[in-house]
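S.K.: As input, take target.txt (compact mmCIF, C-alpha atoms):
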# COMPACT_ATOMS: atom_id res chain seq x y z
CA MET X 22 0.00 0.00 0.00
CA SER X 23 1.69 3.09 -1.18
CA GLU X 24 1.22 6.40 0.45
CA ASN X 25 1.48 8.27 -2.78
CA PHE X 26 -1.10 10.09 -4.83
CA THR X 27 -0.91 11.71 -8.24
CA VAL X 28 -0.17 15.36 -8.73
CA GLU X 29 -0.83 17.25 -11.92
CA ILE X 30 0.06 20.84 -12.61
CA ILE X 31 -1.49 22.16 -15.79
CA SER X 32 -1.07 25.57 -17.37
CA PRO X 33 -3.09 26.79 -20.34
CA GLU X 34 -0.11 26.16 -22.59
CA LYS X 35 0.96 22.76 -21.41
CA SER X 36 1.06 20.17 -18.71
CA ILE X 37 3.85 21.18 -16.36
CA LEU X 38 3.99 18.22 -14.07
CA ASN X 39 2.42 14.81 -13.81
CA ALA X 40 3.94 12.83 -11.00
CA GLU X 41 3.38 10.99 -7.77
CA ALA X 42 4.05 12.47 -4.39
CA LYS X 43 3.77 11.65 -0.75
CA GLU X 44 2.90 15.11 0.42
CA VAL X 45 2.12 18.38 -1.28
CA MET X 46 2.09 21.79 0.36
CA ILE X 47 0.01 24.40 -1.39
CA PRO X 48 -0.34 28.09 -0.61
CA SER X 49 -4.10 28.08 -0.42
CA PHE X 50 -5.97 31.36 -0.33
CA GLU X 51 -6.67 31.09 3.37
CA GLY X 52 -3.37 29.69 4.44
CA GLU X 53 -0.81 27.07 3.71
CA MET X 54 -2.23 23.60 3.31
CA GLY X 55 -0.61 20.21 3.38
CA ILE X 56 -2.21 17.40 1.45
CA LEU X 57 -1.62 13.72 2.08
CA ARG X 58 -3.18 10.63 0.62
CA ASP X 59 -6.91 10.18 1.28
CA HIS X 60 -7.49 13.83 1.92
CA ILE X 61 -11.13 14.84 1.70
CA SER X 62 -12.28 16.08 -1.73
CA LEU X 63 -11.43 19.71 -1.93
CA ILE X 64 -11.68 22.73 -4.16
CA THR X 65 -9.82 25.90 -3.38
CA PHE X 66 -7.70 28.56 -5.00
CA LEU X 67 -4.21 29.79 -4.48
CA ARG X 68 -2.47 32.93 -3.43
CA PRO X 69 1.10 33.69 -4.51
CA GLY X 70 3.48 31.28 -2.87
CA LEU X 71 5.34 28.04 -3.24
CA ILE X 72 3.95 24.66 -4.09
CA LYS X 73 6.14 22.05 -2.42
CA ILE X 74 5.98 18.56 -3.76
CA LYS X 75 7.61 16.08 -1.45
CA GLU X 76 8.89 12.88 -2.89
CA ALA X 77 12.39 11.44 -2.67
CA ILE X 78 13.54 14.90 -3.60
CA GLU X 79 11.51 17.99 -2.94
CA THR X 80 10.41 20.01 -5.95
CA ASN X 81 9.21 23.55 -5.51
CA PHE X 82 7.11 25.65 -7.83
CA PHE X 83 6.41 29.33 -7.60
CA VAL X 84 2.80 30.24 -8.39
CA GLU X 85 0.90 33.49 -8.47
CA GLU X 86 -2.59 32.14 -8.69
CA GLY X 87 -4.43 28.99 -9.52
CA THR X 88 -7.22 26.60 -8.77
CA VAL X 89 -6.84 23.34 -6.93
CA GLU X 90 -9.03 20.29 -6.96
CA PHE X 91 -8.37 17.17 -4.96
CA LYS X 92 -10.48 14.14 -5.63
CA ASN X 93 -9.99 10.39 -5.42
CA ASN X 94 -6.35 10.76 -4.54
CA SER X 95 -5.46 12.90 -7.48
CA LEU X 96 -4.45 16.49 -7.02
CA LEU X 97 -5.08 18.85 -9.88
CA ILE X 98 -3.55 22.30 -9.93
CA LEU X 99 -4.65 24.65 -12.68
CA THR X 100 -2.46 27.70 -12.91
CA SER X 101 -1.20 30.03 -15.57
CA SER X 102 1.94 31.01 -13.71
CA ALA X 103 3.70 27.98 -12.24
CA LYS X 104 7.48 28.10 -12.48
CA LYS X 105 9.96 25.58 -11.21
CA LEU X 106 12.08 27.18 -8.55
CA GLN X 107 15.36 26.03 -10.01
CA GLU X 108 14.50 27.57 -13.35
CA ILE X 109 13.87 31.03 -11.99
CA ASN X 110 16.80 33.38 -12.34
CA LYS X 111 17.61 36.42 -10.29
CA ASP X 112 16.69 38.97 -12.96
CA PHE X 113 13.23 37.55 -13.37
CA LEU X 114 12.74 37.62 -9.63
CA ASN X 115 13.88 41.17 -9.29
CA THR X 116 11.60 42.49 -11.99
CA LEU X 117 8.65 40.70 -10.43
CA LEU X 118 9.57 42.04 -7.04
CA GLN X 119 9.92 45.59 -8.27
CA ASP X 120 6.61 45.40 -10.08
CA ALA X 121 4.86 44.09 -7.02
CA GLU X 122 6.40 46.68 -4.75
CA LYS X 123 5.40 49.43 -7.09
CA LYS X 124 1.87 48.13 -7.22
CA ILE X 125 1.36 47.75 -3.51
CA ASN X 126 1.89 51.45 -2.97
CA ASP X 127 -0.98 52.18 -5.29
CA ASN X 128 -3.83 53.30 -3.08
CA THR X 129 -6.58 52.32 -5.44
CA LEU X 130 -6.16 48.65 -4.64
CA ASN X 131 -8.70 46.91 -2.50
CA ASP X 132 -7.82 44.82 0.52
CA LYS X 133 -7.90 41.54 -1.31
CA GLU X 134 -5.48 42.68 -3.96
CA LYS X 135 -3.19 44.09 -1.31
CA TYR X 136 -3.34 40.85 0.58
CA LEU X 137 -2.34 38.90 -2.49
CA LEU X 138 0.45 41.29 -3.37
CA SER X 139 1.93 41.24 0.08
CA TYR X 140 2.18 37.47 -0.13
CA LYS X 141 3.77 37.75 -3.52
CA ILE X 142 6.42 40.08 -2.17
CA ASP X 143 7.08 37.91 0.85
CA THR X 144 7.49 34.81 -1.25
CA LEU X 145 9.72 36.52 -3.75
CA LYS X 146 11.90 37.87 -0.99
CA SER X 147 12.22 34.49 0.62
CA ILE X 148 13.28 32.93 -2.67
CA ASN X 149 15.70 35.69 -3.30
CA GLN X 150 17.72 34.97 -0.20
CA MET G 9 -4.82 29.68 -81.06
CA PRO G 10 -2.20 31.25 -78.81
CA SER G 11 1.26 31.51 -80.26
CA LEU G 12 4.13 29.38 -79.06
CA ASP G 13 5.64 32.29 -77.20
CA ASP G 14 2.42 32.95 -75.30
CA LEU G 15 2.18 29.34 -74.24
CA LYS G 16 5.75 29.36 -73.07
CA LYS G 17 5.11 32.43 -70.95
CA ARG G 18 2.02 30.92 -69.39
CA ILE G 19 3.79 27.70 -68.52
CA LYS G 20 6.50 29.71 -66.86
CA SER G 21 4.09 31.78 -64.83
CA VAL G 22 2.08 28.78 -63.67
CA LYS G 23 5.28 27.07 -62.65
CA SER G 24 6.37 29.99 -60.52
CA THR G 25 2.92 30.12 -58.88
CA GLN G 26 3.31 26.45 -58.14
CA LYS G 27 6.61 27.13 -56.46
CA ILE G 28 5.00 29.71 -54.21
CA THR G 29 2.08 27.51 -53.22
CA LYS G 30 4.44 24.64 -52.55
CA ALA G 31 6.55 26.79 -50.28
CA MET G 32 3.46 28.02 -48.46
CA LYS G 33 2.35 24.46 -47.97
CA MET G 34 5.69 23.54 -46.45
CA VAL G 35 5.57 26.51 -44.10
CA ALA G 36 2.00 25.71 -43.11
CA ALA G 37 2.92 22.09 -42.47
CA ALA G 38 5.75 23.10 -40.17
CA LYS G 39 3.57 25.59 -38.32
CA LEU G 40 0.73 23.12 -38.15
CA ARG G 41 2.79 20.67 -36.17
CA LYS G 42 3.51 23.24 -33.56
CA ALA G 43 -0.01 24.62 -33.48
CA GLN G 44 -1.48 21.15 -33.23
CA GLU G 45 0.82 20.34 -30.36
CA ASN G 46 -0.22 23.52 -28.60
CA ALA G 47 -3.89 22.82 -29.15
CA GLU G 48 -3.55 19.34 -27.75
CA LYS G 49 -1.53 20.52 -24.79
CA GLY G 50 -4.06 23.23 -24.05
CA ARG G 51 -7.05 20.94 -24.04
CA PRO G 52 -6.62 19.40 -20.58
CA TYR G 53 -6.60 22.80 -18.90
CA SER G 54 -9.90 23.96 -20.29
CA GLN G 55 -11.47 20.55 -19.86
CA LYS G 56 -10.44 20.24 -16.24
CA MET G 57 -11.54 23.79 -15.61
CA GLN G 58 -14.98 22.93 -16.98
CA ASN G 59 -15.05 19.86 -14.77
CA VAL G 60 -14.23 21.79 -11.65
CA ILE G 61 -16.95 24.28 -12.43
CA LEU G 62 -19.41 21.50 -13.10
CA ASN G 63 -18.61 19.96 -9.74
CA LEU G 64 -19.00 23.30 -8.08
CA THR G 65 -22.30 23.95 -9.75
CA LYS G 66 -23.67 20.69 -8.47
CA SER G 67 -22.95 21.60 -4.90
CA ILE G 68 -24.51 25.03 -4.99
CA LYS G 69 -27.64 24.88 -2.97
CA ASP G 70 -28.94 28.34 -3.45
CA GLN G 71 -29.61 28.41 -7.20
CA GLU G 72 -31.36 31.77 -7.00
CA ASN G 73 -28.34 33.65 -5.80
CA ALA G 74 -25.81 31.83 -7.90
CA PRO G 75 -23.42 34.07 -9.83
CA LYS G 76 -24.98 35.56 -12.92
CA LEU G 77 -22.18 34.30 -15.10
CA LEU G 78 -23.33 30.79 -14.36
CA VAL G 79 -27.08 31.03 -14.61
CA GLY G 80 -27.49 34.07 -16.84
CA THR G 81 -29.04 37.44 -16.25
CA GLY G 82 -32.53 36.06 -16.39
CA LYS G 83 -33.16 37.98 -19.58
CA ASP G 84 -32.65 36.80 -23.09
CA GLN G 85 -32.52 39.94 -25.13
CA VAL G 86 -29.01 40.95 -26.15
CA TYR G 87 -26.62 38.45 -27.70
CA LEU G 88 -22.90 39.03 -27.83
CA CYS G 89 -21.10 37.09 -30.53
CA VAL G 90 -17.32 36.77 -30.51
CA VAL G 91 -16.08 35.72 -33.93
CA LEU G 92 -12.55 34.39 -34.05
CA THR G 93 -10.86 34.31 -37.44
CA ALA G 94 -7.37 34.46 -38.88
CA ASP G 95 -5.39 37.53 -39.82
CA ARG G 96 -4.18 36.06 -43.06
CA GLY G 97 -5.97 34.71 -46.07
CA LEU G 98 -5.04 31.96 -48.52
CA CYS G 99 -6.27 29.25 -46.24
CA GLY G 100 -9.14 27.76 -48.16
CA GLY G 101 -12.56 28.00 -46.62
CA PHE G 102 -11.26 28.61 -43.12
CA ASN G 103 -12.36 32.19 -42.64
CA SER G 104 -15.48 32.02 -44.74
CA ASN G 105 -16.71 28.92 -42.94
CA ILE G 106 -16.66 30.67 -39.59
CA CYS G 107 -18.24 33.78 -41.07
CA LYS G 108 -20.92 31.76 -42.80
CA LEU G 109 -21.87 30.07 -39.55
CA ALA G 110 -21.73 33.36 -37.67
CA LYS G 111 -23.85 35.16 -40.25
CA ALA G 112 -26.49 32.46 -40.19
CA HIS G 113 -26.54 32.86 -36.45
CA PHE G 114 -26.79 36.66 -36.68
CA LYS G 115 -29.67 36.39 -39.08
CA LYS G 116 -31.57 34.06 -36.81
CA THR G 117 -30.93 36.28 -33.81
CA LEU G 118 -32.20 39.36 -35.56
CA GLU G 119 -35.23 37.56 -36.92
CA GLN G 120 -36.18 36.63 -33.39
CA GLY G 121 -36.17 40.29 -32.54
CA LYS G 122 -33.11 40.05 -30.33
CA ASN G 123 -30.36 42.60 -30.12
CA LEU G 124 -26.96 41.77 -31.50
CA LYS G 125 -23.47 42.82 -30.53
CA ILE G 126 -20.36 41.56 -32.26
CA ILE G 127 -16.71 41.37 -31.29
CA THR G 128 -14.35 40.29 -34.01
CA VAL G 129 -10.90 38.90 -33.48
CA GLY G 130 -8.72 38.69 -36.56
CA SER G 131 -8.87 41.02 -39.53
CA LYS G 132 -10.24 38.57 -42.09
CA GLY G 133 -13.44 38.00 -40.20
CA LEU G 134 -13.87 41.73 -39.71
CA ASP G 135 -13.64 42.30 -43.46
CA GLN G 136 -16.34 39.77 -44.19
CA ILE G 137 -18.69 40.72 -41.41
CA LYS G 138 -18.57 44.48 -41.56
CA ARG G 139 -20.11 44.44 -45.02
CA ASP G 140 -23.46 43.17 -43.74
CA TYR G 141 -23.33 43.64 -40.00
CA GLY G 142 -20.95 46.56 -39.58
CA ASN G 143 -23.33 48.47 -37.33
CA TYR G 144 -23.38 45.75 -34.74
CA ILE G 145 -19.64 45.50 -34.23
CA VAL G 146 -18.77 46.88 -30.81
CA GLN G 147 -15.13 45.93 -30.60
CA LYS G 148 -12.46 44.53 -32.88
CA TYR G 149 -9.14 42.91 -32.14
CA SER G 150 -6.27 41.86 -34.28
CA PHE G 151 -3.14 40.18 -33.04
CA LYS G 152 -1.40 40.35 -36.39
CA ASP G 153 1.95 41.41 -35.03
CA LYS G 154 2.05 38.65 -32.45
CA LYS G 155 4.01 35.66 -33.54
CA GLN G 156 2.32 33.33 -31.17
CA ILE G 157 -0.89 33.79 -29.32
CA THR G 158 -0.47 33.34 -25.61
CA PHE G 159 -2.80 33.35 -22.69
CA LYS G 160 -2.29 37.11 -22.36
CA GLU G 161 -4.10 37.83 -25.60
CA ALA G 162 -6.94 35.57 -24.59
CA GLU G 163 -7.14 37.44 -21.30
CA ILE G 164 -7.49 40.75 -23.10
CA VAL G 165 -10.51 39.45 -24.95
CA GLY G 166 -11.84 37.66 -21.87
CA LYS G 167 -11.60 40.81 -19.76
CA GLU G 168 -13.41 42.84 -22.38
CA ILE G 169 -16.22 40.30 -22.38
CA MET G 170 -16.34 40.46 -18.59
CA LYS G 171 -16.40 44.24 -18.64
CA LEU G 172 -19.32 44.32 -21.02
CA PHE G 173 -21.10 41.71 -18.95
CA LYS G 174 -20.70 43.70 -15.76
CA GLN G 175 -22.17 46.71 -17.51
CA ASN G 176 -25.16 44.59 -18.41
CA GLU G 177 -24.46 45.03 -22.09
CA PHE G 178 -25.57 41.54 -23.04
CA ASP G 179 -27.33 38.46 -21.72
CA ARG G 180 -25.76 35.66 -23.68
CA CYS G 181 -22.35 35.25 -25.19
CA PHE G 182 -21.28 32.98 -28.01
CA LEU G 183 -17.85 32.10 -29.32
CA PHE G 184 -17.39 31.27 -33.00
CA TYR G 185 -14.30 29.34 -33.96
CA ASN G 186 -13.07 26.34 -35.89
CA ASN G 187 -12.62 23.20 -33.91
CA PHE G 188 -9.54 21.31 -35.02
CA LYS G 189 -10.48 17.72 -35.59
CA ASN G 190 -7.67 16.69 -37.87
CA VAL G 191 -5.60 18.16 -40.66
CA ILE G 192 -8.34 18.00 -43.26
CA THR G 193 -11.40 18.41 -41.09
CA GLN G 194 -12.12 21.55 -39.16
CA ILE G 195 -15.56 22.11 -37.81
CA PRO G 196 -16.85 25.65 -37.39
CA GLN G 197 -18.48 25.90 -34.00
CA ALA G 198 -20.67 28.15 -31.96
CA GLN G 199 -20.06 27.74 -28.26
CA GLN G 200 -22.08 29.44 -25.62
CA ILE G 201 -19.87 30.71 -22.82
CA ILE G 202 -22.24 32.95 -20.86
CA PRO G 203 -24.25 31.60 -19.17
CA THR G 204 -22.06 28.55 -18.73
CA GLU G 205 -23.37 25.74 -20.83
CA LYS G 206 -24.49 22.87 -18.71
CA LYS G 207 -23.49 19.57 -20.14
CA LEU G 208 -26.52 17.38 -20.60
CA GLU G 209 -24.72 14.22 -19.75
CA GLU G 210 -23.90 14.43 -16.12
CA THR G 211 -21.08 12.36 -14.84
CA LYS G 212 -22.67 9.11 -13.83
CA ASP G 213 -20.21 7.82 -11.30
CA GLU G 214 -19.35 9.44 -8.00
CA ASP G 215 -22.13 11.89 -8.36
CA SER G 216 -22.28 12.31 -4.67
CA THR G 217 -18.68 13.34 -4.09
CA PHE G 218 -18.67 15.72 -1.23
CA TYR G 219 -16.29 18.59 -1.55
CA GLU G 220 -14.68 20.73 1.02
CA PHE G 221 -14.54 24.31 -0.11
CA GLU G 222 -12.14 26.91 1.02
CA PRO G 223 -13.38 29.67 0.91
CA ASP G 224 -17.04 28.85 0.25
CA GLU G 225 -18.53 27.81 -3.08
CA GLU G 226 -19.83 31.21 -4.08
CA GLU G 227 -16.52 32.91 -3.54
CA ILE G 228 -14.66 30.29 -5.52
CA LEU G 229 -17.15 30.54 -8.33
CA GLU G 230 -16.85 34.32 -8.41
CA GLU G 231 -13.16 33.90 -8.88
CA LEU G 232 -13.24 30.95 -11.20
CA LEU G 233 -15.91 31.91 -13.69
CA PRO G 234 -14.20 34.99 -15.14
CA LYS G 235 -11.05 32.93 -15.44
CA ASN G 236 -13.01 30.28 -17.22
CA ILE G 237 -14.12 32.81 -19.83
CA SER G 238 -10.50 33.61 -20.66
CA THR G 239 -9.68 29.93 -20.66
CA GLN G 240 -12.42 29.15 -23.12
CA VAL G 241 -11.34 32.03 -25.33
CA PHE G 242 -7.79 30.76 -25.17
CA LYS G 243 -8.88 27.27 -26.09
CA ALA G 244 -10.74 28.70 -29.06
CA PHE G 245 -7.60 30.59 -30.04
CA LEU G 246 -5.51 27.45 -29.97
CA GLU G 247 -8.02 25.38 -31.89
CA ASN G 248 -8.34 28.16 -34.40
CA ALA G 249 -4.59 28.48 -34.88
CA ALA G 250 -4.24 24.78 -35.56
CA SER G 251 -7.24 24.81 -37.87
CA GLU G 252 -5.89 27.76 -39.80
CA GLN G 253 -2.62 26.04 -40.54
CA GLY G 254 -4.34 22.77 -41.36
CA SER G 255 -6.73 24.49 -43.67
CA ARG G 256 -3.95 26.44 -45.34
CA MET G 257 -1.90 23.33 -45.83
CA THR G 258 -4.74 21.49 -47.54
CA ALA G 259 -5.61 24.51 -49.66
CA MET G 260 -2.01 25.00 -50.77
CA ASP G 261 -1.61 21.31 -51.45
CA ASN G 262 -4.60 21.46 -53.73
CA ALA G 263 -3.30 24.58 -55.41
CA THR G 264 0.07 22.94 -56.03
CA ARG G 265 -1.60 19.93 -57.55
CA ASN G 266 -3.85 22.04 -59.73
CA ALA G 267 -0.89 24.04 -60.92
CA GLY G 268 0.86 20.79 -61.82
CA ASP G 269 -2.15 19.64 -63.84
CA LEU G 270 -2.30 22.96 -65.61
CA VAL G 271 1.39 22.82 -66.48
CA ASP G 272 0.92 19.34 -67.95
CA LYS G 273 -2.01 20.48 -70.04
CA LEU G 274 -0.22 23.56 -71.27
CA THR G 275 2.88 21.56 -72.12
CA ILE G 276 0.85 19.15 -74.25
CA ASN G 277 -0.73 22.13 -75.96
CA TYR G 278 2.64 23.67 -76.51
CA ASN G 279 4.13 20.53 -78.00
CA ARG G 280 1.15 20.04 -80.25
CA SER G 281 1.26 23.51 -81.69
CA ARG G 282 5.00 23.23 -82.10
CA GLN G 283 4.56 20.02 -84.06
CA ALA G 284 1.75 21.55 -86.08
CA SER G 285 3.85 24.50 -87.05
CA ILE G 286 6.72 22.26 -88.12
CA THR G 287 4.40 20.13 -90.23
CA LYS G 288 2.93 23.24 -91.73
CA GLU G 289 6.35 24.54 -92.63
CA LEU G 290 7.33 21.20 -94.18
CA ILE G 291 4.18 21.13 -96.29
CA GLU G 292 4.92 24.64 -97.45
CA ILE G 293 8.47 23.71 -98.44
CA ILE G 294 7.39 20.53 -100.22
CA SER G 295 4.57 22.18 -102.11
CA GLY G 296 6.92 25.02 -102.98
CA ALA G 297 9.45 22.53 -104.31
CA GLU G 298 6.78 20.70 -106.30
CA SER G 299 5.53 23.80 -108.00
CA LEU G 300 8.96 24.57 -109.37
Take the structure in the file and give it back as structure tokens.
M.R.:
Amino acid sequence: MSENFTVEIISPEKSILNAEAKEVMIPSFEGEMGILRDHISLITFLRPGLIKIKEAIETNFFVEEGTVEFKNNSLLILTSSAKKLQEINKDFLNTLLQDAEKKINDNTLNDKEKYLLSYKIDTLKSINQ
Amino acid sequence: MPSLDDLKKRIKSVKSTQKITKAMKMVAAAKLRKAQENAEKGRPYSQKMQNVILNLTKSIKDQENAPKLLVGTGKDQVYLCVVLTADRGLCGGFNSNICKLAKAHFKKTLEQGKNLKIITVGSKGLDQIKRDYGNYIVQKYSFKDKKQITFKEAEIVGKEIMKLFKQNEFDRCFLFYNNFKNVITQIPQAQQIIPTEKKLEETKDEDSTFYEFEPDEEEILEELLPKNISTQVFKAFLENAASEQGSRMTAMDNATRNAGDLVDKLTINYNRSRQASITKELIEIISGAESL
């Protein structure tokens, strides 16, 4: 009896990942969430953060938004912005960070947008270290 | 009877046309492979998205207060039609097939006394539609300078649709595009995206799956439905791109073959008249010699 379940990350352009994992951490909208096998069926969406897929080696993805569905031991993540952490370079990070920091000072934003942006900045900073 | 020189010129010109169509076919074939790949890769996303929404819809208890995007505005008066076509011609019936379908739809809509609003994407469709329905066009897009259509372009169109919807500009929205079945078959399609089309065949198994929602269903739907619009538009873009190349390839293949046939025919003609003129000359010489 394995403790694994399938994980799929799909972007509009292509399928980014289709693998098995023991545990997946997702930055759900209302807080970080860990998913193990036989989790209850679930639909939620993501805030900016890191998806951590734990298998023999841990793979991390940076996401800005997305939708998650877990059902029958298969986890489906639909996102248009997933990027493998190893493939992100410093320049890309810095431009994203600058953009986000510029935006957060814009007073026309509502609370929700600010909330999302602040998470984006935090995550970017933590990657940058 | 055209002279030998004329025939020669025609053969030459047909041959050079053939060269062009052949080259276009090659280019289309190369692009087709990529576009087809993209279309196939993009399918799971939109399909899964639809599935998630379907599952969500099932668990909404309060149908009355469900988001308008899902159930409609309750009215059925103004139709918004988004017609997706190519920016380039020379691709057989590709553009006209979509326009034909769209126009039939427009006609029916107007006959029923409904209001019509049109958004065109791609310059070829605009050209064909503005002749008859120019007054109804509210917005036009062309991504001619983009080498490859990405999700960003689809989002531009999707957001415009959302904006119009929020302003109560229309009650129903249709997408017109070519569905890519295979290289030689593309099916022009009208897909209703607002309100979300409910699939008649419900999933039979695990109908009773209970979902945990975080945050609650309504909030997720509010977030998901606008995204779904863009996703559907993007899917249509991808299908259309693959169809365009497929259609162009077939059209250019036909053109190349026709040019080949024409060259053969002209060459036979040319040889015949050449022979005829030689015979004629010989007869003239012989009869001249006899009369001496």
S.K.: Separation of CA of Glu122 in chain X and CA of Lys141 in chain X, in Å?
M.R.: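 Those two atoms sit 9.4 Å apart.
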S.K.: What are the residues of chain G that have an atom within 7 Å of an atom of chain X, counting all atoms listed in the file, as a list in words?
M.R.: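 Those within range of chain X come out as Asn46, Lys49, Gly50, Tyr53, Phe159, Phe218, Tyr219, Glu220, Phe221, Glu222, Pro223 and Ile228 of chain G.
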S.K.: Report as a PyMOL selection string all protein, DNA and RNA residues lying within 12 Å of range 131-134 of chain X, evaluated on only C-alpha atoms, omitting residues in the same chain fewer than 6 positions from it.
M.R.: (chain X and resi 50-51+68-69+86+121+124-125+140-141) or (chain G and resi 231)
S.K.: Write a file of the just-selected residues containing C-alpha atoms, as a PDB file, keeping the file's coordinate frame.
M.R.:
ATOM      1  CA  PHE X  50      -5.970  31.360  -0.330  1.00  0.00           C
ATOM      2  CA  GLU X  51      -6.670  31.090   3.370  1.00  0.00           C
ATOM      3  CA  ARG X  68      -2.470  32.930  -3.430  1.00  0.00           C
ATOM      4  CA  PRO X  69       1.100  33.690  -4.510  1.00  0.00           C
ATOM      5  CA  GLU X  86      -2.590  32.140  -8.690  1.00  0.00           C
ATOM      6  CA  ALA X 121       4.860  44.090  -7.020  1.00  0.00           C
ATOM      7  CA  LYS X 124       1.870  48.130  -7.220  1.00  0.00           C
ATOM      8  CA  ILE X 125       1.360  47.750  -3.510  1.00  0.00           C
ATOM      9  CA  TYR X 140       2.180  37.470  -0.130  1.00  0.00           C
ATOM     10  CA  LYS X 141       3.770  37.750  -3.520  1.00  0.00           C
TER      11      LYS X 141
ATOM     12  CA  GLU G 231     -13.160  33.900  -8.880  1.00  0.00           C
TER      13      GLU G 231
END
S.K.: Which value, in Å to one decimal, gives the distance between CA of Lys155 in chain G and CA of Ile127 in chain G?
M.R.: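 Answer for the CA of Lys155 in chain G to CA of Ile127 in chain G separation: 21.6 Å.
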S.K.: Which value, in Å to one decimal, gives the distance between CA of Gln26 in chain G and CA of Thr275 in chain G?
M.R.: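 That distance, rounded to one decimal, is 14.8 Å.
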